[in-house]
$ cat entry.txt   # compact mmCIF, C-alpha atoms
# COMPACT_ATOMS: atom_id res chain seq x y z
CA MET A 1437 -80.56 140.14 -27.47
CA LYS A 1438 -79.26 141.11 -24.04
CA LEU A 1439 -75.49 141.13 -23.91
CA ARG A 1440 -73.52 140.32 -20.78
CA THR A 1441 -70.06 141.53 -19.83
CA PHE A 1442 -67.76 141.73 -16.83
CA ARG A 1443 -68.36 144.43 -14.27
CA ILE A 1444 -64.96 145.91 -13.42
CA GLY A 1445 -62.81 147.96 -15.83
CA GLY A 1446 -62.04 147.08 -19.44
CA VAL A 1447 -61.14 149.00 -22.59
CA HIS A 1448 -62.13 149.06 -26.27
CA PRO A 1449 -59.07 148.90 -28.55
CA ASP A 1450 -59.58 148.93 -32.31
CA GLU A 1451 -60.41 145.40 -33.41
CA ASN A 1452 -58.39 145.25 -36.66
CA LYS A 1453 -59.78 141.76 -37.41
CA LEU A 1454 -58.20 141.81 -40.88
CA THR A 1455 -58.49 138.03 -41.33
CA ASN A 1456 -62.07 137.54 -40.14
CA ASP A 1457 -63.19 136.15 -43.49
CA ALA A 1458 -59.94 134.38 -44.40
CA LEU A 1459 -60.64 130.65 -44.63
CA VAL A 1460 -58.12 128.40 -42.89
CA GLN A 1461 -55.22 127.14 -45.02
CA GLN A 1462 -52.92 124.22 -44.28
CA ALA A 1463 -49.49 125.73 -43.61
CA PRO A 1464 -46.64 124.02 -45.51
CA LEU A 1465 -44.36 121.69 -43.60
CA PRO A 1466 -41.13 123.19 -42.29
CA VAL A 1467 -37.74 122.01 -43.55
CA GLN A 1468 -36.58 121.82 -39.96
CA ALA A 1469 -38.82 121.85 -36.88
CA GLN A 1470 -37.87 123.14 -33.43
CA PHE A 1471 -39.68 121.98 -30.29
CA PRO A 1472 -38.92 124.00 -27.14
CA LEU A 1473 -39.23 121.86 -24.01
CA SER A 1474 -41.06 124.65 -22.15
CA GLN A 1475 -44.36 125.07 -24.00
CA HIS A 1476 -46.49 125.14 -20.89
CA ILE A 1477 -46.67 126.51 -17.36
CA GLY A 1478 -44.66 124.32 -14.99
CA ALA A 1479 -41.64 122.06 -15.32
CA PRO A 1480 -40.06 121.69 -18.79
CA ALA A 1481 -40.61 118.39 -20.57
CA LYS A 1482 -37.76 115.84 -20.60
CA PRO A 1483 -36.48 114.50 -23.95
CA VAL A 1484 -37.12 110.80 -24.64
CA VAL A 1485 -35.35 110.85 -28.03
CA LYS A 1486 -31.72 111.35 -28.97
CA LYS A 1487 -29.72 112.48 -31.97
CA GLY A 1488 -30.28 110.18 -34.96
CA ASP A 1489 -33.65 108.79 -33.80
CA LYS A 1490 -36.40 108.49 -36.40
CA VAL A 1491 -39.79 109.93 -35.49
CA LYS A 1492 -43.25 110.10 -37.05
CA VAL A 1493 -46.04 112.65 -36.79
CA GLY A 1494 -47.49 112.01 -33.33
CA THR A 1495 -44.40 110.39 -31.78
CA MET A 1496 -43.79 111.52 -28.19
CA ILE A 1497 -40.39 113.23 -28.12
CA ALA A 1498 -40.44 114.59 -24.55
CA GLU A 1499 -42.28 113.40 -21.44
CA ALA A 1500 -43.78 115.51 -18.67
CA GLY A 1501 -41.09 116.79 -16.32
CA GLY A 1502 -43.27 116.88 -13.22
CA PHE A 1503 -46.89 116.99 -12.07
CA VAL A 1504 -47.43 120.49 -13.51
CA SER A 1505 -46.00 119.70 -16.93
CA ALA A 1506 -47.03 118.18 -20.27
CA PRO A 1507 -45.46 115.86 -22.85
CA ILE A 1508 -44.48 117.11 -26.31
CA PHE A 1509 -45.13 115.27 -29.57
CA SER A 1510 -43.48 115.59 -32.96
CA SER A 1511 -45.60 117.31 -35.59
CA VAL A 1512 -43.36 116.03 -38.38
CA SER A 1513 -41.67 112.83 -39.49
CA GLY A 1514 -37.92 112.72 -39.89
CA THR A 1515 -34.65 112.48 -37.99
CA VAL A 1516 -33.68 114.09 -34.69
CA LEU A 1517 -30.78 116.38 -35.60
CA LYS A 1518 -29.86 117.43 -32.08
CA ILE A 1519 -31.07 118.49 -28.66
CA ASP A 1520 -29.82 122.04 -28.37
CA GLU A 1521 -31.01 125.51 -27.50
CA ALA A 1522 -33.28 127.69 -29.64
CA PHE A 1523 -35.11 131.00 -29.27
CA ASP A 1524 -38.68 130.82 -28.05
CA ALA A 1525 -41.29 133.55 -27.68
CA THR A 1526 -39.73 134.76 -24.41
CA GLY A 1527 -36.69 135.97 -26.38
CA TYR A 1528 -34.34 133.61 -24.57
CA ARG A 1529 -32.57 130.54 -25.87
CA LYS A 1530 -34.15 127.50 -24.22
CA PRO A 1531 -33.57 123.73 -24.52
CA ALA A 1532 -35.25 122.37 -27.66
CA ILE A 1533 -35.43 119.26 -29.83
CA ILE A 1534 -34.59 119.95 -33.48
CA ILE A 1535 -35.87 117.59 -36.16
CA LYS A 1536 -35.01 117.39 -39.86
CA VAL A 1537 -38.27 116.88 -41.77
CA GLU A 1538 -38.45 113.87 -44.07
CA GLY A 1539 -41.82 113.11 -45.64
CA ASP A 1540 -45.06 113.13 -43.65
CA GLU A 1541 -45.53 109.73 -42.04
CA TRP A 1542 -48.05 109.57 -39.18
CA GLU A 1543 -48.32 107.20 -36.24
CA GLU A 1544 -50.81 104.53 -37.23
CA SER A 1545 -52.66 104.82 -33.92
CA ILE A 1546 -54.06 108.25 -34.90
CA ASP A 1547 -57.56 108.17 -36.41
CA ARG A 1548 -57.37 110.53 -39.40
CA SER A 1549 -60.95 109.95 -40.59
CA ASP A 1550 -63.56 112.74 -40.69
CA LYS A 1551 -66.20 110.69 -38.86
CA LEU A 1552 -67.66 112.62 -35.92
CA GLU A 1553 -67.41 110.57 -32.73
CA LYS A 1554 -70.04 111.38 -30.12
CA LEU A 1555 -69.78 110.79 -26.39
CA ALA A 1556 -73.05 108.83 -26.34
CA ASP A 1557 -71.43 106.20 -28.56
CA HIS A 1558 -68.57 105.64 -26.12
CA PRO A 1559 -69.91 104.46 -22.74
CA GLU A 1560 -66.43 103.17 -21.89
CA LEU A 1561 -65.21 106.75 -21.42
CA THR A 1562 -65.30 107.31 -17.66
CA PRO A 1563 -64.34 110.71 -16.22
CA GLU A 1564 -61.01 109.21 -15.12
CA GLU A 1565 -60.32 107.77 -18.60
CA ILE A 1566 -61.03 111.14 -20.25
CA VAL A 1567 -58.65 112.93 -17.88
CA GLU A 1568 -55.95 110.32 -18.49
CA ARG A 1569 -56.22 110.63 -22.28
CA VAL A 1570 -56.09 114.43 -22.05
CA LYS A 1571 -52.99 114.16 -19.87
CA LYS A 1572 -51.22 111.70 -22.16
CA ALA A 1573 -51.96 113.84 -25.24
CA GLY A 1574 -50.06 116.82 -23.85
CA ILE A 1575 -53.01 119.20 -24.01
CA THR A 1576 -52.56 122.63 -22.46
CA GLY A 1577 -54.67 125.77 -22.53
CA MET A 1578 -54.75 126.97 -26.14
CA GLY A 1579 -55.66 130.57 -25.39
CA GLY A 1580 -52.09 131.51 -24.49
CA ALA A 1581 -51.69 130.60 -20.81
CA CYS A 1582 -50.70 126.98 -21.60
CA PHE A 1583 -51.73 125.52 -18.24
CA PRO A 1584 -51.86 121.70 -18.41
CA THR A 1585 -55.54 120.91 -19.05
CA PHE A 1586 -55.80 117.73 -17.00
CA ILE A 1587 -54.99 119.64 -13.79
CA LYS A 1588 -57.99 121.92 -14.27
CA LEU A 1589 -60.17 118.83 -14.52
CA CYS A 1590 -58.96 117.60 -11.11
CA PRO A 1591 -59.85 120.46 -8.73
CA PRO A 1592 -58.62 120.43 -5.13
CA PRO A 1593 -60.88 118.83 -2.50
CA THR A 1594 -61.79 122.28 -1.19
CA ALA A 1595 -63.40 123.28 -4.50
CA LYS A 1596 -66.37 121.80 -6.37
CA ALA A 1597 -66.96 122.36 -10.07
CA GLU A 1598 -70.52 123.28 -11.08
CA CYS A 1599 -70.06 124.14 -14.75
CA VAL A 1600 -67.63 124.29 -17.67
CA ILE A 1601 -67.28 127.62 -19.52
CA ILE A 1602 -65.87 127.52 -23.04
CA ASN A 1603 -64.01 130.70 -23.99
CA GLY A 1604 -64.95 131.72 -27.53
CA VAL A 1605 -64.38 135.42 -26.83
CA GLU A 1606 -61.14 136.18 -28.71
CA CYS A 1607 -61.17 139.81 -27.52
CA GLU A 1608 -57.52 140.52 -28.44
CA PRO A 1609 -57.23 142.78 -31.52
CA TYR A 1610 -56.18 141.26 -34.86
CA ILE A 1611 -56.57 137.56 -33.87
CA THR A 1612 -59.27 135.48 -35.62
CA ALA A 1613 -57.99 131.89 -35.23
CA ASP A 1614 -60.61 130.92 -32.63
CA PHE A 1615 -63.42 132.40 -34.73
CA ARG A 1616 -62.39 130.38 -37.77
CA LEU A 1617 -62.04 127.26 -35.59
CA MET A 1618 -65.58 127.77 -34.28
CA MET A 1619 -66.93 128.12 -37.82
CA ASP A 1620 -65.03 125.06 -39.09
CA LYS A 1621 -65.28 122.66 -36.14
CA ALA A 1622 -68.45 123.48 -34.19
CA ASP A 1623 -69.56 119.85 -33.89
CA GLU A 1624 -66.17 118.72 -32.62
CA ILE A 1625 -66.00 121.61 -30.13
CA LEU A 1626 -69.40 120.63 -28.74
CA VAL A 1627 -68.29 117.01 -28.30
CA GLY A 1628 -65.16 118.40 -26.63
CA LEU A 1629 -67.42 120.33 -24.25
CA ASP A 1630 -69.36 117.12 -23.53
CA LEU A 1631 -66.09 115.38 -22.70
CA LEU A 1632 -64.93 118.22 -20.45
CA MET A 1633 -68.28 118.26 -18.64
CA LYS A 1634 -68.16 114.51 -18.05
CA ALA A 1635 -64.54 114.68 -16.89
CA ALA A 1636 -65.41 117.49 -14.48
CA LYS A 1637 -68.60 115.67 -13.37
CA VAL A 1638 -70.87 118.63 -14.09
CA ASP A 1639 -74.10 118.87 -16.06
CA LYS A 1640 -74.00 122.52 -17.13
CA GLY A 1641 -71.91 124.07 -19.90
CA TYR A 1642 -71.64 127.61 -21.28
CA ILE A 1643 -70.02 128.97 -24.42
CA GLY A 1644 -69.21 132.69 -24.24
CA ILE A 1645 -68.86 134.46 -27.60
CA GLU A 1646 -68.54 138.22 -28.21
CA ASP A 1647 -71.19 139.80 -30.41
CA ASN A 1648 -68.65 140.75 -33.09
CA LYS A 1649 -68.94 137.07 -34.12
CA PRO A 1650 -72.69 136.86 -34.93
CA GLU A 1651 -72.14 133.94 -37.33
CA ALA A 1652 -70.53 131.87 -34.58
CA ILE A 1653 -73.27 132.75 -32.07
CA ALA A 1654 -75.98 131.75 -34.57
CA LEU A 1655 -74.18 128.52 -35.50
CA PHE A 1656 -73.76 127.34 -31.91
CA GLU A 1657 -77.28 128.39 -30.92
CA GLU A 1658 -78.61 126.32 -33.81
CA LYS A 1659 -76.54 123.26 -32.90
CA THR A 1660 -77.46 123.38 -29.18
CA ALA A 1661 -81.12 124.33 -29.59
CA GLY A 1662 -82.35 120.99 -28.20
CA ASP A 1663 -79.78 120.68 -25.40
CA SER A 1664 -80.85 122.34 -22.15
CA ARG A 1665 -77.47 121.54 -20.56
CA ILE A 1666 -75.60 124.01 -22.79
CA GLU A 1667 -76.16 127.75 -22.95
CA ILE A 1668 -74.67 130.05 -25.59
CA VAL A 1669 -73.87 133.41 -23.95
CA PRO A 1670 -73.56 136.44 -26.29
CA LEU A 1671 -71.17 138.97 -24.77
CA ALA A 1672 -70.66 142.68 -25.36
CA LYS A 1673 -67.34 143.60 -26.97
CA LYS A 1674 -64.88 144.55 -24.27
CA TYR A 1675 -61.23 143.75 -23.58
CA PRO A 1676 -60.00 141.65 -21.69
CA GLN A 1677 -63.19 139.59 -21.62
CA GLY A 1678 -61.22 136.48 -22.58
CA GLY A 1679 -59.47 136.53 -19.21
CA GLU A 1680 -60.69 133.64 -17.04
CA LYS A 1681 -61.87 135.76 -14.14
CA GLN A 1682 -63.55 138.31 -16.41
CA LEU A 1683 -65.31 135.56 -18.38
CA VAL A 1684 -66.60 133.89 -15.20
CA ASP A 1685 -67.99 137.24 -14.04
CA ALA A 1686 -69.62 137.91 -17.42
CA VAL A 1687 -71.17 134.45 -17.83
CA ILE A 1688 -72.27 133.35 -14.33
CA ARG A 1689 -71.97 136.62 -12.38
CA ARG A 1690 -69.46 135.34 -9.86
CA GLN A 1691 -66.19 137.11 -9.07
CA VAL A 1692 -63.07 135.04 -8.41
CA PRO A 1693 -61.16 136.23 -5.32
CA ALA A 1694 -57.49 137.21 -5.38
CA PRO A 1695 -54.79 134.53 -5.84
CA PRO A 1696 -54.39 131.77 -4.91
CA ALA A 1697 -58.14 131.52 -5.74
CA ILE A 1698 -58.95 130.19 -9.23
CA PRO A 1699 -62.24 129.96 -11.17
CA VAL A 1700 -63.12 126.52 -9.76
CA ASN A 1701 -63.25 128.12 -6.30
CA VAL A 1702 -66.49 129.76 -7.46
CA GLY A 1703 -67.63 126.64 -9.32
CA ALA A 1704 -66.33 127.22 -12.87
CA ILE A 1705 -63.79 125.42 -15.04
CA VAL A 1706 -62.79 127.60 -18.00
CA GLN A 1707 -61.37 126.18 -21.24
CA ASN A 1708 -60.60 127.82 -24.59
CA VAL A 1709 -62.44 126.65 -27.73
CA GLY A 1710 -59.11 125.43 -29.10
CA THR A 1711 -58.64 123.35 -25.96
CA ALA A 1712 -62.13 121.84 -26.35
CA PHE A 1713 -61.29 120.87 -29.93
CA ALA A 1714 -57.93 119.41 -28.86
CA VAL A 1715 -59.70 117.38 -26.16
CA TYR A 1716 -62.06 115.97 -28.80
CA GLU A 1717 -59.16 114.96 -31.03
CA ALA A 1718 -57.17 113.46 -28.15
CA VAL A 1719 -59.98 111.43 -26.61
CA MET A 1720 -61.94 110.46 -29.73
CA LYS A 1721 -59.19 110.29 -32.37
CA ASN A 1722 -56.14 109.37 -30.26
CA LYS A 1723 -54.41 112.44 -31.68
CA PRO A 1724 -51.94 114.21 -29.40
CA LEU A 1725 -51.52 117.97 -29.53
CA PHE A 1726 -49.05 118.88 -32.29
CA GLU A 1727 -50.89 121.40 -34.52
CA ARG A 1728 -53.16 124.37 -34.01
CA TYR A 1729 -55.09 127.20 -35.71
CA THR A 1730 -52.95 130.36 -35.87
CA THR A 1731 -53.60 133.81 -37.33
CA VAL A 1732 -50.79 135.54 -39.25
CA THR A 1733 -51.70 139.18 -39.63
CA GLY A 1734 -50.60 142.79 -39.98
CA LYS A 1735 -51.78 145.89 -41.84
CA GLN A 1736 -48.85 145.79 -44.26
CA LEU A 1737 -48.82 142.04 -44.94
CA ALA A 1738 -49.82 141.31 -48.53
CA ASN A 1739 -51.94 138.24 -47.72
CA PRO A 1740 -52.71 137.88 -44.00
CA GLY A 1741 -54.56 134.69 -43.13
CA ASN A 1742 -55.49 131.88 -40.78
CA PHE A 1743 -53.54 128.64 -40.86
CA LEU A 1744 -53.56 125.12 -39.47
CA VAL A 1745 -49.91 124.99 -38.42
CA ARG A 1746 -47.70 122.13 -37.26
CA MET A 1747 -45.93 123.13 -34.07
CA GLY A 1748 -42.22 123.64 -34.53
CA THR A 1749 -42.76 125.63 -37.75
CA PRO A 1750 -40.66 128.83 -37.75
CA MET A 1751 -42.64 132.08 -37.86
CA SER A 1752 -40.54 133.27 -40.80
CA GLN A 1753 -42.11 130.57 -42.96
CA LEU A 1754 -45.65 131.71 -42.15
CA ILE A 1755 -44.76 135.32 -42.87
CA ASP A 1756 -43.31 134.23 -46.22
CA VAL A 1757 -46.59 132.46 -47.08
CA CYS A 1758 -48.39 135.75 -46.38
CA GLY A 1759 -46.22 137.65 -48.88
CA GLY A 1760 -43.05 138.21 -46.89
CA MET A 1761 -41.96 140.78 -44.37
CA PRO A 1762 -43.09 144.31 -45.32
CA GLU A 1763 -40.44 146.93 -45.99
CA GLY A 1764 -39.33 149.21 -43.19
CA ASP A 1765 -38.92 148.61 -39.47
CA ASN A 1766 -41.46 146.12 -38.17
CA LYS A 1767 -42.13 144.51 -34.82
CA VAL A 1768 -43.21 140.85 -34.84
CA LEU A 1769 -45.29 139.59 -31.92
CA ALA A 1770 -46.08 136.08 -30.77
CA GLY A 1771 -49.72 136.85 -29.98
CA GLY A 1772 -51.70 140.05 -30.34
CA PRO A 1773 -50.78 143.70 -29.67
CA MET A 1774 -52.17 143.81 -26.11
CA MET A 1775 -50.61 140.70 -24.53
CA GLY A 1776 -48.27 139.38 -27.22
CA LYS A 1777 -44.50 139.28 -26.76
CA ALA A 1778 -42.09 140.80 -29.29
CA ILE A 1779 -39.77 138.15 -30.70
CA ASN A 1780 -36.11 138.74 -31.45
CA SER A 1781 -35.74 135.98 -34.06
CA LEU A 1782 -38.01 134.96 -36.92
CA ASP A 1783 -36.78 131.41 -36.34
CA THR A 1784 -38.99 131.36 -33.23
CA PRO A 1785 -41.32 128.37 -33.67
CA ILE A 1786 -45.07 128.04 -33.37
CA CYS A 1787 -45.83 126.40 -30.01
CA LYS A 1788 -48.90 125.22 -28.15
CA GLY A 1789 -49.91 128.73 -27.07
CA THR A 1790 -49.16 130.62 -30.31
CA ASN A 1791 -52.57 131.84 -31.44
CA SER A 1792 -51.17 134.60 -33.64
CA VAL A 1793 -48.12 136.03 -35.37
CA THR A 1794 -48.74 139.78 -35.59
CA VAL A 1795 -46.56 142.10 -37.68
CA LEU A 1796 -46.81 145.71 -36.52
CA THR A 1797 -45.48 148.61 -38.56
CA GLU A 1798 -43.09 151.11 -37.03
CA ASP A 1799 -45.95 153.63 -36.64
CA ASP A 1800 -48.10 151.13 -34.75
CA ALA A 1801 -45.29 149.76 -32.61
CA ARG A 1802 -43.35 152.89 -31.68
CA ARG A 1803 -43.99 154.07 -28.15
CA LYS A 1804 -44.57 157.72 -27.41
CA GLU A 1805 -42.33 159.53 -24.97
CA PRO A 1806 -43.58 158.93 -21.41
CA GLN A 1807 -44.66 161.98 -19.44
CA PRO A 1808 -45.26 162.55 -15.72
CA CYS A 1809 -48.44 161.03 -14.29
CA ILE A 1810 -51.30 163.56 -14.45
CA ARG A 1811 -53.34 161.79 -11.72
CA CYS A 1812 -56.29 161.17 -14.04
CA ALA A 1813 -56.97 157.65 -12.67
CA LYS A 1814 -57.84 156.28 -16.12
CA CYS A 1815 -55.64 153.27 -15.40
CA VAL A 1816 -57.65 152.59 -12.23
CA SER A 1817 -60.93 152.77 -14.14
CA ALA A 1818 -59.59 150.46 -16.87
CA CYS A 1819 -58.10 147.76 -14.61
CA PRO A 1820 -60.33 144.66 -14.80
CA MET A 1821 -58.91 143.38 -11.52
CA GLY A 1822 -59.79 146.51 -9.54
CA LEU A 1823 -56.15 147.37 -8.83
CA GLU A 1824 -54.32 150.71 -8.82
CA PRO A 1825 -51.83 150.33 -11.68
CA TYR A 1826 -50.18 153.75 -11.22
CA LEU A 1827 -49.32 152.80 -7.64
CA LEU A 1828 -48.11 149.27 -8.43
CA ALA A 1829 -45.89 150.60 -11.23
CA THR A 1830 -44.41 153.31 -8.99
CA LEU A 1831 -43.74 150.86 -6.17
CA SER A 1832 -42.04 148.51 -8.61
CA SER A 1833 -39.82 151.27 -9.96
CA LEU A 1834 -38.84 152.06 -6.35
CA HIS A 1835 -38.25 148.34 -5.62
CA ASP A 1836 -40.73 148.48 -2.76
CA TRP A 1837 -41.63 144.79 -3.10
CA GLU A 1838 -43.22 144.50 0.35
CA ARG A 1839 -45.75 147.24 -0.38
CA ASP A 1840 -46.29 145.84 -3.90
CA GLU A 1841 -47.31 142.52 -2.33
CA LYS A 1842 -49.66 144.25 0.13
CA GLU A 1843 -51.29 146.12 -2.77
CA ASP A 1844 -52.10 142.76 -4.44
CA ILE A 1845 -49.74 142.97 -7.43
CA THR A 1846 -50.02 139.19 -7.93
CA SER A 1847 -53.66 139.68 -8.97
CA CYS A 1848 -52.52 141.53 -12.13
CA ILE A 1849 -53.38 139.53 -15.29
CA GLU A 1850 -50.96 141.59 -17.41
CA CYS A 1851 -53.68 142.53 -19.90
CA GLY A 1852 -52.15 145.94 -20.68
CA SER A 1853 -55.41 147.89 -20.25
CA CYS A 1854 -53.69 150.37 -17.92
CA GLN A 1855 -50.86 151.15 -20.30
CA PHE A 1856 -53.26 151.29 -23.27
CA THR A 1857 -55.42 153.93 -21.61
CA CYS A 1858 -52.67 156.08 -20.04
CA PRO A 1859 -52.65 159.57 -21.64
CA ALA A 1860 -49.13 160.15 -20.31
CA HIS A 1861 -47.83 157.02 -22.11
CA ARG A 1862 -46.22 155.69 -18.94
CA PRO A 1863 -44.78 152.15 -19.15
CA LEU A 1864 -47.13 150.91 -16.44
CA LEU A 1865 -47.31 147.28 -17.50
CA ASP A 1866 -43.54 147.01 -17.94
CA ASN A 1867 -42.94 148.07 -14.33
CA ILE A 1868 -45.82 145.98 -12.98
CA ARG A 1869 -44.54 142.85 -14.74
CA LEU A 1870 -41.15 143.37 -13.11
CA GLY A 1871 -42.75 143.85 -9.72
CA LYS A 1872 -45.12 140.90 -10.10
CA SER A 1873 -42.39 138.44 -11.09
CA THR A 1874 -40.16 139.67 -8.26
CA VAL A 1875 -42.92 139.45 -5.64
CA MET A 1876 -43.94 135.97 -6.81
CA GLY A 1877 -40.31 134.87 -6.47
CA ILE A 1878 -40.24 136.25 -2.91
CA ILE A 1879 -43.47 134.40 -2.08
CA ARG A 1880 -42.10 131.12 -3.46
CA ALA A 1881 -38.85 131.52 -1.53
CA ARG A 1882 -40.78 132.25 1.66
CA ALA A 1883 -42.95 129.17 1.17
CA ALA A 1884 -39.90 126.97 0.54
CA LYS A 1885 -38.46 127.91 3.95
CA LYS A 1886 -41.57 126.73 5.80

$ encode --input "entry.txt" --output "structure tokens"
Amino acid sequence: MKLRTFRIGGVHPDENKLTNDALVQQAPLPVQAQFPLSQHIGAPAKPVVKKGDKVKVGTMIAEAGGFVSAPIFSSVSGTVLKIDEAFDATGYRKPAIIIKVEGDEWEESIDRSDKLEKLADHPELTPEEIVERVKKAGITGMGGACFPTFIKLCPPPTAKAECVIINGVECEPYITADFRLMMDKADEILVGLDLLMKAAKVDKGYIGIEDNKPEAIALFEEKTAGDSRIEIVPLAKKYPQGGEKQLVDAVIRRQVPAPPAIPVNVGAIVQNVGTAFAVYEAVMKNKPLFERYTTVTGKQLANPGNFLVRMGTPMSQLIDVCGGMPEGDNKVLAGGPMMGKAINSLDTPICKGTNSVTVLTEDDARRKEPQPCIRCAKCVSACPMGLEPYLLATLSSLHDWERDEKEDITSCIECGSCQFTCPAHRPLLDNIRLGKSTVMGIIRARAAKK
């Protein structure tokens, strides 16, 4: 079996897939659920409920706040306690809707049956109808970026989609939620791919899966054996292969230019397996996005596992289900160790993009003392975007934003490969993130003046 991979950079961190064989459990309902209004890239959602309102599972509680935005739905039934501020994964207090949980009553419009609905049985589903249902259901990218999905399905006139690529890579260490989803819901994911292909008006689909998931590769190859439209692409293990641009390169051998170019500019629309499953549920079951598969993991957790979690559930509750917080100093991440963000409150809720809650021990989390750069260029070799991380980080520390922009800092995908590979333990990604956000702010301000 010939394995493909992307051609520029990449690293090989220890996988630590502790929960690979842990079957998915239904996480218990929270006592109180918190729904941040910013669970997606773009404008925050706007509340459509007020204190004292009764809601059910699947009730819309906030509408899209702009074109690049997405509505938010309650994952619980109960009473709206207040619209206040709460910590989210960024570490800041943000506007949120807080609901007291009372029972588990669902909106009657949601089809809760196990019957598999196939696209061939629904000729009424036009591309426009699929896109509209995806938009109304509040679906965003489930791999962590949280870009509203309907926008990807409506490319600009200057770009033409040729294929849909489903991201089943899950290259980040520790996380196994997508793998378990693929093993549990393969048929639904394939219908989701059918829906995405019809919405995008393409007749070719790919599913990229790394070869550390041989069971998933075999399962999808078996289920698509008679379908020439869909190709299962086994990929060599390499991080960050789950990045959109890296996955496009690995699967169809096309490289996406620097921003503002996106994958559809080279003919590809990329969606995570979780997104494909959410599209199936939204279009075929009238189920908005309010729960997701999430891994809860860590070397010192007594019972790490994979869970189907209602959004709004505090991370503390999931850690308790796994045996509680280990003794000693621990760092808790929303996400994995390469791209995850450390949280400052265990009350931080599970949101649309939370694919993992990772508990790192002090030994794993503690940074080593940074040393002067030794000019080894390992960070350059590791960068999957072909950038010079040592230079971008230095320019950022010197606040040379003009040169940072010229050196293409906005192309950085913040994967952390440079910092991971640096023998001098320099905080490369920290400085580059600062520079990237500053430069992007300068670019936006410049565009607003035109």

$ residues_near_point --input "entry.txt" --point "(-56.4, 116.7, -29.4)" --cutoff "10 Å" --atoms "all atoms listed in the file" --output "ChimeraX atom specification"
/A:1569-1570,1573-1576,1628,1710-1728

$ write_last_selection --input "entry.txt" --atoms "C-alpha atoms" --output "PDB file, keeping the file's coordinate frame"
ATOM      1  CA  ARG A1569     -56.220 110.630 -22.280  1.00  0.00           C
ATOM      2  CA  VAL A1570     -56.090 114.430 -22.050  1.00  0.00           C
ATOM      3  CA  ALA A1573     -51.960 113.840 -25.240  1.00  0.00           C
ATOM      4  CA  GLY A1574     -50.060 116.820 -23.850  1.00  0.00           C
ATOM      5  CA  ILE A1575     -53.010 119.200 -24.010  1.00  0.00           C
ATOM      6  CA  THR A1576     -52.560 122.630 -22.460  1.00  0.00           C
ATOM      7  CA  GLY A1628     -65.160 118.400 -26.630  1.00  0.00           C
ATOM      8  CA  GLY A1710     -59.110 125.430 -29.100  1.00  0.00           C
ATOM      9  CA  THR A1711     -58.640 123.350 -25.960  1.00  0.00           C
ATOM     10  CA  ALA A1712     -62.130 121.840 -26.350  1.00  0.00           C
ATOM     11  CA  PHE A1713     -61.290 120.870 -29.930  1.00  0.00           C
ATOM     12  CA  ALA A1714     -57.930 119.410 -28.860  1.00  0.00           C
ATOM     13  CA  VAL A1715     -59.700 117.380 -26.160  1.00  0.00           C
ATOM     14  CA  TYR A1716     -62.060 115.970 -28.800  1.00  0.00           C
ATOM     15  CA  GLU A1717     -59.160 114.960 -31.030  1.00  0.00           C
ATOM     16  CA  ALA A1718     -57.170 113.460 -28.150  1.00  0.00           C
ATOM     17  CA  VAL A1719     -59.980 111.430 -26.610  1.00  0.00           C
ATOM     18  CA  MET A1720     -61.940 110.460 -29.730  1.00  0.00           C
ATOM     19  CA  LYS A1721     -59.190 110.290 -32.370  1.00  0.00           C
ATOM     20  CA  ASN A1722     -56.140 109.370 -30.260  1.00  0.00           C
ATOM     21  CA  LYS A1723     -54.410 112.440 -31.680  1.00  0.00           C
ATOM     22  CA  PRO A1724     -51.940 114.210 -29.400  1.00  0.00           C
ATOM     23  CA  LEU A1725     -51.520 117.970 -29.530  1.00  0.00           C
ATOM     24  CA  PHE A1726     -49.050 118.880 -32.290  1.00  0.00           C
ATOM     25  CA  GLU A1727     -50.890 121.400 -34.520  1.00  0.00           C
ATOM     26  CA  ARG A1728     -53.160 124.370 -34.010  1.00  0.00           C
TER      27      ARG A1728
END

$ closest_residue --input "entry.txt" --among "A:Ile1444, A:Thr1794, A:Lys1551, A:Thr1612" --to "Asp1685 (chain A)" --atoms "all atoms listed in the file"
A:Ile1444

$ closest_atom_pairs --input "entry.txt" --of "region 1575-1629 of chain A" --to "region 1471-1487 of chain A" --cutoff "10 Å" --atoms "all atoms listed in the file" --output "Markdown table"
| residue | atom | partner | partner_atom | distance |
| --- | --- | --- | --- | --- |
| A:Ile1575 | CA | A:His1476 | CA | 9.4 |
| A:Thr1576 | CA | A:His1476 | CA | 6.8 |
| A:Gly1577 | CA | A:His1476 | CA | 8.4 |
| A:Met1578 | CA | A:His1476 | CA | 10.0 |
| A:Gly1580 | CA | A:His1476 | CA | 9.2 |
| A:Ala1581 | CA | A:Ile1477 | CA | 7.3 |
| A:Cys1582 | CA | A:His1476 | CA | 4.6 |
| A:Phe1583 | CA | A:Ile1477 | CA | 5.2 |
| A:Pro1584 | CA | A:His1476 | CA | 6.8 |

$ closest_residue --input "entry.txt" --among "A:Val1795, A:Val1460, A:Ile1879, A:Val1638" --to "Pro1696 (chain A)" --atoms "all atoms listed in the file"
A:Ile1879

$ residues_near_point --input "entry.txt" --point "(-44.1, 135.8, -43.3)" --cutoff "9 Å" --atoms "all atoms listed in the file" --output "list of chain:residue names"
A:Val1732, A:Leu1737, A:Pro1740, A:Met1751, A:Ser1752, A:Gln1753, A:Leu1754, A:Ile1755, A:Asp1756, A:Val1757, A:Cys1758, A:Gly1759, A:Gly1760, A:Met1761, A:Pro1762, A:Leu1782, A:Val1793, A:Val1795

$ axis_aligned_box --input "entry.txt" --around "region 1817-1834 of chain A" --padding-each-side "8 Å" --output "AutoDock Vina command-line options"
--center_x -49.9 --center_y 148.6 --center_z -11.5 --size_x 38.1 --size_y 26.4 --size_z 26.7
